[in-house]
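Here's the structure we're looking at; comments come further down.
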Amino acid sequence: MKKQSLLTLFFCAMSIPYLVFAQDAYFIDGYHGGIYGHYPIGQTAFINNMLKQHPDWRVNMEVEPETWDAVKLRDPAAYEAFKQLFEDQSIANGRIEYINPTYAQSYLFATSGESNIRQFSYGIELLRKHFPSARFTTYSAEEPCFTSSLPYILKSFGFNYASTKTPNTMWGGYIRAYGGELVNWIGPDGTAITTVPRYASEDLQPGSTWQSIAWYNSKDYIKKSFDAGIQNPVGMCIQDAAWSSGWGKGPWLGQDSYTPTHYKTWRDYIANYSIGSTTDDWHFTQEDVLTSLMWGSQIMNTLAQEVRGAENTIVQAEKMAVFASLAGNMQWPEKLIDEGWIKLLLSQHHDCWIVPYNNLQGGRTWADHVTEWTGVTHQNSQVVIDRSLKALNGKSGQNAVRLFNTLAVDRNEIARVKVPSNWVRSSWEVVDPQGKVHPTQLVKEDGSTWLLFRAHVPSFGYSTYTLREGKASASDALSYHEEKGKYVLESDLYRLVINPEKGGAIESLIAKKLNNKEYVDATSAWHFNELKGYFGDQSTFISSADQPARIRVVEHGPLMLQIAIDGMIGEHPFTQTIRLQQNEEKIDMGVFIDWQRNEAIGEAGIPFSAENPRKAFYDDRYKLLVCFPAAISDQQIYKDAPFDVSKSQLENTYFNRWDEIKHNILLNWVDLGSNGKDHSLALFADHTTSYVHGSDHPLALTLQYSGRGLWGRDYTITGPTDISYSLLPHADKWDDDRIWTRSERTNEPLVATLVDAGADDVAQQSYFSIEDHAYELVSMEMKGDDLYIRLFNAQSDQAERQITFGGKTDKITWVELSGEVSEQAQYRTTGNHATAITAHIPRFGIRTLKLSNVQLF
């Protein structure tokens, strides 16, 4: 009888289609936000109550770590209750998992690799002060806070898993759909991390520009997952922590969601309910990060410039403090550096970048706070550098210049030192440590007087140059003249022809030492260094080449020639600058546009609607661009990313729909190379922005957008546009010509100061060097008596290299980002009183050395 009943039940079930889907599904719920974004008073008590009311519910937390400082003060009872609920961090029984411990929920793709590491290190440190038992197992984010180098960073911090799903907050973009239930996300260095991807079957939500179909575990989503062979499908929504405004609530799913669905923490789902492992290797590239922020808008340009400048100066300040701590016995300035980093990390908060106009506190916007936060970083960094120089040099003076090199590469370049404004004579010369005399040039910039001279400074070391009066130097290495109404600029490396009748466009750019390669494509419909964009009020494209310009010589000496191009784009005056330096391969440029009024710039005729996938700010071809039609055959784009470089697979960078986003981000540089072994042209910018390129469009840098943006906000022009960029013509691929290092030279210029040099002073010294300059010196910091050195292999093979440290140490280890020892280093003391360390770092590998109880010889 029992057997017959079971058979009857089986055949009845087979006759009901819906029961075919009565298979378990899973959901990741939780909260996103924090004290800076959205975390109302009472939120913690609300979460505690919801957890008590719903015993089967699980919470995945993505809350800014500083939030708990505030909660502890203003709601201590709820804080203590939450700590008790959080205490159980076991995989199977723990009900709370912290899935994004970064200090400020950064997008990660728009900032430096070192910033990304500090997001995790500072965030985890603060969270462990509040929750000592916290385990960080899975990285997940409600917004597209991802970058290609994350697998190593996560694994090195102790994470086991990740997810690239962002189903309910995709306004600014998303990660490419790929794979099934689990994939092995492979980073550029080969590191793999088990990952729940946005499934290939996880479509974007119809009628939405902010969701995928995984946001609610709909029956359709789960069915599509089963049909795709996903045995244990999972959806996700990390709710805004804003219960008081009606956004966030308790358990997210409703009656129309698929059943049976079980709430899980990410680590419990992956470890115990997913297939557990996979052979599907996803070789993730930066072009799998599909995001579109308000690139070119004035507020974004300024914000990105402020963040970039602060990133560069704090890293350099730390390195100078290492110099001073080891060579000058200065106490490590921990409070200044920590505050500088924390303020910088806050300025990288994703809300700063996607809703810069939104009010945060006291009527001030996110952008206002970025200016304030990065200002603190700059101020603290300068104090650290000034203190370091004082500790290293003693009293200041005026008989010599001491130059510090914070990179692990020998440098031979034009140095700049700020001198008293009464130094008006041009008859200074400097004498290097070998006794050779070098010419100088005095220039005025930004109200200050600068002394320029060519200098050689060894890897992570210093050189001292003696100052003396001498004869004014004459040089024909840099010259200019008029020729048939055009201006011809010449250096030892380049010959440029500027056409004032075409708004100062560059008509010819010849690289003399690259077989006189002509870099300007004379057949292009665009002009080289032309400004061009679509002006909505005039309903047409307007170019700087439409009106003649005036050429001015701003500086001319033996070391530098700088001209200014004064022109008009429409009714708006602009000034472009071009700077050539003696024996310098990089051509520095800039543009200043004195907008007379707000001007609509960008694709016109697209009224804003949140649901409409067409947005005016998507297609960069309509924004104001500076264009570089280059005579390079079979063009191929390479672009940098945090700890990565991608060879672009895009036919072009343009798109005009939310569901067709392409990766068009320039972080530090884009290199226009050639598959046909032609020459290359690198483009550098002073901030994160977008670039344009395609078979029917030259390489171009985005300068200005003005119009409707996210949430219908009007992104207006409120003042001048001031942007710096550079070009570097070169012969081979980006890695053969070390474009990454050339970018770092711009980010970390030589630190120069006037000193009184004594006869017994050591004139030149290197404290740290790397064989073949194989690795980038990313950062240095002291922790007590221990020195931590971060290295990155951007451009070299993984062959064994020797690192030389000019000091001694009790022990050297390779450590993970978590601080755990990964392996003992091989090292020895050399005959010249230095320590030689053996290293083998894979291409795009990040490694950290710990030198315990370190001292200089």
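Identifiers in the structure tokens: chain A, B, ... in order shown; residue index from 1 per chain; ligand index from 1 in order shown.
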TODO: Determine, counting only C-alpha atoms, which protein, DNA and RNA residues have an atom within 8 Å of an atom of A:Thr137; residues of the same chain fewer than 3 positions away are not included. Present the result as a PyMOL selection string.
DONE: chain A and resi 99+158-161+267
Can those selected residues be exported to a file as a short mmCIF file (atom, residue, chain, number, x, y, z; two decimals), in the first residue's frame so that it contains N, CA and C atoms?
data_model
loop_
_atom_site.label_atom_id
_atom_site.label_comp_id
_atom_site.auth_asym_id
_atom_site.auth_seq_id
_atom_site.Cartn_x
_atom_site.Cartn_y
_atom_site.Cartn_z
N ILE A 99 31.04 41.20 4.16
CA ILE A 99 31.45 40.86 2.80
C ILE A 99 32.28 41.95 2.11
N GLY A 158 43.43 36.86 2.95
CA GLY A 158 42.82 35.70 3.59
C GLY A 158 41.45 35.33 3.10
N PHE A 159 40.93 36.02 2.08
CA PHE A 159 39.62 35.68 1.54
C PHE A 159 39.70 34.36 0.77
N ASN A 160 38.61 33.61 0.80
CA ASN A 160 38.51 32.37 0.04
C ASN A 160 37.63 32.49 -1.20
N TYR A 161 36.68 33.42 -1.15
CA TYR A 161 35.66 33.48 -2.20
C TYR A 161 35.39 34.93 -2.60
N ARG A 267 29.58 32.76 2.48
CA ARG A 267 30.51 31.66 2.73
C ARG A 267 29.78 30.34 2.99
#
Task: Polymer residues at most 7 Å from stretch 496-509 of chain A, only C-alpha atoms, same-chain spacing of 3 or more positions, as a list in words - done: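 In the requested form, the answer reads Lys486, Tyr487, Val488, Leu489, Glu490, Glu518, Tyr519, Val520, His527, Phe528, Asn529, Glu530, Ser544, Ala545, Asp546, Gln547, Pro548, Ala549, Arg550, Ile551, Ile565 and Gly567 of chain A.
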TODO: Tell me, in Å to one decimal, how far atom CA of A:Ala324 is from atom CA of A:Lys783.
DONE: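 For atom CA of A:Ala324 relative to atom CA of A:Lys783, the distance reads 14.1 Å.
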- [ ] Give the helix (DSSP H, G or I) residues of stretch 9-121 of chain A, as assigned by DSSP on the backbone, as a ChimeraX atom specification.
- [x] /A:9-14,17-21,43-53,67-74,76-86,113-121
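Candidate residues A:Ala604, A:Ile96, A:Ala25, A:Leu580 were compared for distance to A:Ser133, and the nearest is A:Ile96, using only C-alpha atoms.
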Open item on the list: List as a list in words the protein and nucleic acid residues near A:Glu181, meaning an atom at most 7 Å away when only C-alpha atoms are counted, but skip any in the same chain fewer than 3 places from it.
Closed with: Val196, Ile230 and Pro233 of chain A
Using N, CA and C atoms, can you write the selected residues to a file as a PDB file, in the first residue's frame?
ATOM      1  N   VAL A 196      31.389  33.365  -7.378  1.00  0.00           N
ATOM      2  CA  VAL A 196      30.040  33.296  -7.941  1.00  0.00           C
ATOM      3  C   VAL A 196      29.908  34.482  -8.888  1.00  0.00           C
ATOM      4  N   ILE A 230      22.645  25.416 -13.897  1.00  0.00           N
ATOM      5  CA  ILE A 230      23.055  25.853 -12.567  1.00  0.00           C
ATOM      6  C   ILE A 230      22.225  25.086 -11.550  1.00  0.00           C
ATOM      7  N   PRO A 233      21.040  27.750  -7.825  1.00  0.00           N
ATOM      8  CA  PRO A 233      21.071  29.175  -8.166  1.00  0.00           C
ATOM      9  C   PRO A 233      20.938  30.062  -6.933  1.00  0.00           C
TER      10      PRO A 233
END
- [ ] Within stretch 665-708 of chain A, find each residue whose DSSP state, derived from the backbone, is strand (DSSP E or B), and express the selection as a ChimeraX atom specification.
- [x] /A:665-666,669-674,680-685,689-694,697-708
Open item on the list: Please compute the atom CA of A:Asp620-atom CA of A:Val692 distance, one decimal, in Å.
Closed with: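 Those two atoms sit 6.7 Å apart.
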Task: Distance query A:Glu771 at most 12 Å, only C-alpha atoms, self and fewer than 6 positions along chain excluded, as a list in words - done: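 The neighbour list is Ala408, Val409, Asp410, Ser459, Ser796, Ala799, Glu800, Arg801, Gln802, Ile803, Thr804, Phe805, Ala836, Ile837, Thr838, Ala839 and His840 of chain A.
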Selected residues written out with all heavy atoms, as a CSV table (one decimal), in the first residue's frame:
chain,number,residue,atom,x,y,z
A,408,ALA,N,62.4,53.0,-7.5
A,408,ALA,CA,63.6,52.0,-7.6
A,408,ALA,C,64.1,51.9,-9.0
A,408,ALA,O,64.2,50.8,-9.5
A,408,ALA,CB,63.1,50.6,-7.0
A,409,VAL,N,64.4,53.1,-9.5
A,409,VAL,CA,65.0,53.1,-10.9
A,409,VAL,C,65.9,54.3,-10.9
A,409,VAL,O,65.6,55.4,-10.4
A,409,VAL,CB,63.9,53.2,-11.9
A,409,VAL,CG1,63.0,54.4,-11.7
A,409,VAL,CG2,64.5,53.2,-13.3
A,410,ASP,N,67.1,54.2,-11.5
A,410,ASP,CA,67.9,55.3,-11.7
A,410,ASP,C,67.2,56.4,-12.6
A,410,ASP,O,66.6,56.0,-13.6
A,410,ASP,CB,69.3,54.9,-12.4
A,410,ASP,CG,70.1,54.0,-11.5
A,410,ASP,OD1,69.9,54.0,-10.3
A,410,ASP,OD2,71.0,53.3,-12.0
A,459,SER,N,68.7,54.9,-7.9
A,459,SER,CA,67.5,54.3,-7.4
A,459,SER,C,67.4,54.4,-5.9
A,459,SER,O,68.3,54.2,-5.1
A,459,SER,CB,67.7,52.8,-7.7
A,459,SER,OG,66.7,52.0,-7.1
A,796,SER,N,58.3,43.1,-16.6
A,796,SER,CA,59.4,42.2,-16.7
A,796,SER,C,58.9,40.7,-16.7
A,796,SER,O,57.8,40.4,-16.3
A,796,SER,CB,60.5,42.4,-15.6
A,796,SER,OG,60.9,43.7,-15.7
A,799,ALA,N,61.8,35.9,-14.3
A,799,ALA,CA,63.2,35.4,-14.0
A,799,ALA,C,63.6,35.9,-12.6
A,799,ALA,O,63.2,37.0,-12.2
A,799,ALA,CB,64.1,35.8,-15.1
A,800,GLU,N,64.5,35.2,-12.0
A,800,GLU,CA,65.0,35.6,-10.7
A,800,GLU,C,65.8,36.9,-10.8
A,800,GLU,O,66.6,37.1,-11.7
A,800,GLU,CB,65.9,34.5,-10.1
A,800,GLU,CG,66.4,34.7,-8.7
A,800,GLU,CD,67.2,33.5,-8.3
A,800,GLU,OE1,66.6,32.4,-8.0
A,800,GLU,OE2,68.5,33.6,-8.3
A,801,ARG,N,65.6,37.8,-9.8
A,801,ARG,CA,66.3,39.1,-9.8
A,801,ARG,C,66.8,39.3,-8.4
A,801,ARG,O,66.3,38.8,-7.4
A,801,ARG,CB,65.3,40.3,-10.1
A,801,ARG,CG,64.6,40.3,-11.5
A,801,ARG,CD,65.6,40.2,-12.6
A,801,ARG,NE,65.1,40.7,-13.9
A,801,ARG,CZ,64.2,40.2,-14.7
A,801,ARG,NH1,63.6,39.1,-14.3
A,801,ARG,NH2,63.9,40.7,-15.8
A,802,GLN,N,67.9,40.1,-8.4
A,802,GLN,CA,68.5,40.5,-7.1
A,802,GLN,C,68.1,41.9,-6.7
A,802,GLN,O,68.1,42.8,-7.4
A,802,GLN,CB,70.0,40.4,-7.1
A,802,GLN,CG,70.7,40.8,-5.8
A,802,GLN,CD,72.2,40.6,-5.8
A,802,GLN,OE1,72.6,39.4,-5.9
A,802,GLN,NE2,72.9,41.6,-5.8
A,803,ILE,N,67.6,42.0,-5.4
A,803,ILE,CA,67.3,43.3,-4.8
A,803,ILE,C,68.4,43.6,-3.8
A,803,ILE,O,68.8,42.8,-3.0
A,803,ILE,CB,65.9,43.2,-4.1
A,803,ILE,CG1,64.8,42.9,-5.1
A,803,ILE,CG2,65.6,44.5,-3.3
A,803,ILE,CD1,63.5,42.5,-4.4
A,804,THR,N,68.9,44.9,-3.9
A,804,THR,CA,69.9,45.3,-3.0
A,804,THR,C,69.4,46.3,-2.0
A,804,THR,O,68.9,47.4,-2.4
A,804,THR,CB,71.1,45.9,-3.8
A,804,THR,OG1,71.6,44.9,-4.7
A,804,THR,CG2,72.3,46.3,-2.9
A,805,PHE,N,69.6,46.1,-0.7
A,805,PHE,CA,69.2,47.0,0.3
A,805,PHE,C,70.5,47.5,1.0
A,805,PHE,O,71.3,46.7,1.5
A,805,PHE,CB,68.3,46.4,1.3
A,805,PHE,CG,68.0,47.2,2.5
A,805,PHE,CD1,67.3,48.4,2.4
A,805,PHE,CD2,68.4,46.8,3.8
A,805,PHE,CE1,67.1,49.2,3.6
A,805,PHE,CE2,68.1,47.5,4.9
A,805,PHE,CZ,67.5,48.7,4.8
A,836,ALA,N,71.7,41.6,-0.1
A,836,ALA,CA,71.2,41.1,-1.4
A,836,ALA,C,70.1,40.1,-1.2
A,836,ALA,O,70.3,39.1,-0.5
A,836,ALA,CB,72.3,40.5,-2.2
A,837,ILE,N,68.9,40.4,-1.7
A,837,ILE,CA,67.7,39.6,-1.6
A,837,ILE,C,67.4,39.0,-2.9
A,837,ILE,O,67.3,39.7,-3.9
A,837,ILE,CB,66.6,40.4,-1.0
A,837,ILE,CG1,67.0,41.2,0.2
A,837,ILE,CG2,65.4,39.6,-0.7
A,837,ILE,CD1,66.1,42.3,0.6
A,838,THR,N,67.1,37.7,-3.0
A,838,THR,CA,66.7,37.1,-4.2
A,838,THR,C,65.1,37.1,-4.3
A,838,THR,O,64.4,36.8,-3.4
A,838,THR,CB,67.1,35.6,-4.2
A,838,THR,OG1,68.5,35.6,-4.1
A,838,THR,CG2,66.7,34.9,-5.5
A,839,ALA,N,64.7,37.5,-5.5
A,839,ALA,CA,63.2,37.7,-5.8
A,839,ALA,C,62.9,37.0,-7.1
A,839,ALA,O,63.7,37.1,-8.0
A,839,ALA,CB,62.8,39.1,-5.7
A,840,HIS,N,61.7,36.5,-7.1
A,840,HIS,CA,61.1,36.0,-8.4
A,840,HIS,C,59.6,36.3,-8.4
A,840,HIS,O,58.9,35.6,-7.8
A,840,HIS,CB,61.4,34.5,-8.7
A,840,HIS,CG,61.3,33.6,-7.5
A,840,HIS,ND1,60.1,33.1,-7.1
A,840,HIS,CD2,62.2,33.2,-6.6
A,840,HIS,CE1,60.3,32.3,-6.0
A,840,HIS,NE2,61.6,32.4,-5.7
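Closest approach to A:Ser674 among A:Ser90, A:Gln379, A:Ser633, A:Ser706: A:Ser633, based on only C-alpha atoms.
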TODO: Find the spatial neighbours of stretch 756-770 of chain A, counting only C-alpha atoms, within a cut-off of 9 Å - ignore same-chain residues fewer than 3 positions away - and output them as number ranges by chain.
DONE: A: 323, 393-402, 407-410, 432-434, 457-466, 773-776, 801-807, 834, 856
Please report as CSV every residue of stretch 553-643 of chain A lying within 8 Å of stretch 713-716 of chain A, along with the nearest atom pair and their distance in Å (one decimal), using only C-alpha atoms.
residue,atom,partner,partner_atom,distance
A:Asn598,CA,A:Thr716,CA,6.2
A:Glu599,CA,A:Thr716,CA,7.7
A:Ala600,CA,A:Thr716,CA,8.0
How would the residues just picked look written out with N, CA, C and O atoms as a compact mmCIF listing (two decimals), in the first residue's frame?
# COMPACT_ATOMS: atom_id res chain seq x y z
N ASN A 598 27.64 78.46 -19.04
CA ASN A 598 27.37 77.03 -19.15
C ASN A 598 26.97 76.71 -20.58
O ASN A 598 26.16 77.41 -21.19
N GLU A 599 27.53 75.66 -21.11
CA GLU A 599 27.31 75.29 -22.50
C GLU A 599 26.96 73.80 -22.54
O GLU A 599 27.66 72.97 -21.95
N ALA A 600 25.85 73.47 -23.20
CA ALA A 600 25.49 72.06 -23.35
C ALA A 600 26.47 71.39 -24.30
O ALA A 600 26.59 71.78 -25.46
TODO: Name all residues at most 6 Å from A:Gly590 (count only C-alpha atoms; drop same-chain ones fewer than 6 positions away) and give them as a list in words.
DONE: Gln576, Thr577, Ile723, Ser724 and Tyr725 of chain A
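Residue nearest A:Asp240, chosen from A:Asn116, A:Ser163, A:Gln331, A:Gln43 and counting only C-alpha atoms: A:Gln43.
We find atom CA of A:Thr377 and atom CA of A:Ala752 to be spaced 20.1 Å apart.
Comparing A:Glu142, A:Arg738, A:Gly605, A:Leu85 by their smallest distance to A:Met50, the closest is A:Leu85 (using only C-alpha atoms).
Using only C-alpha atoms, the shortest contact distance between A:Gln636 and any of A:Ile213, A:Leu699, A:Cys352, A:Ala610 is found at A:Leu699.
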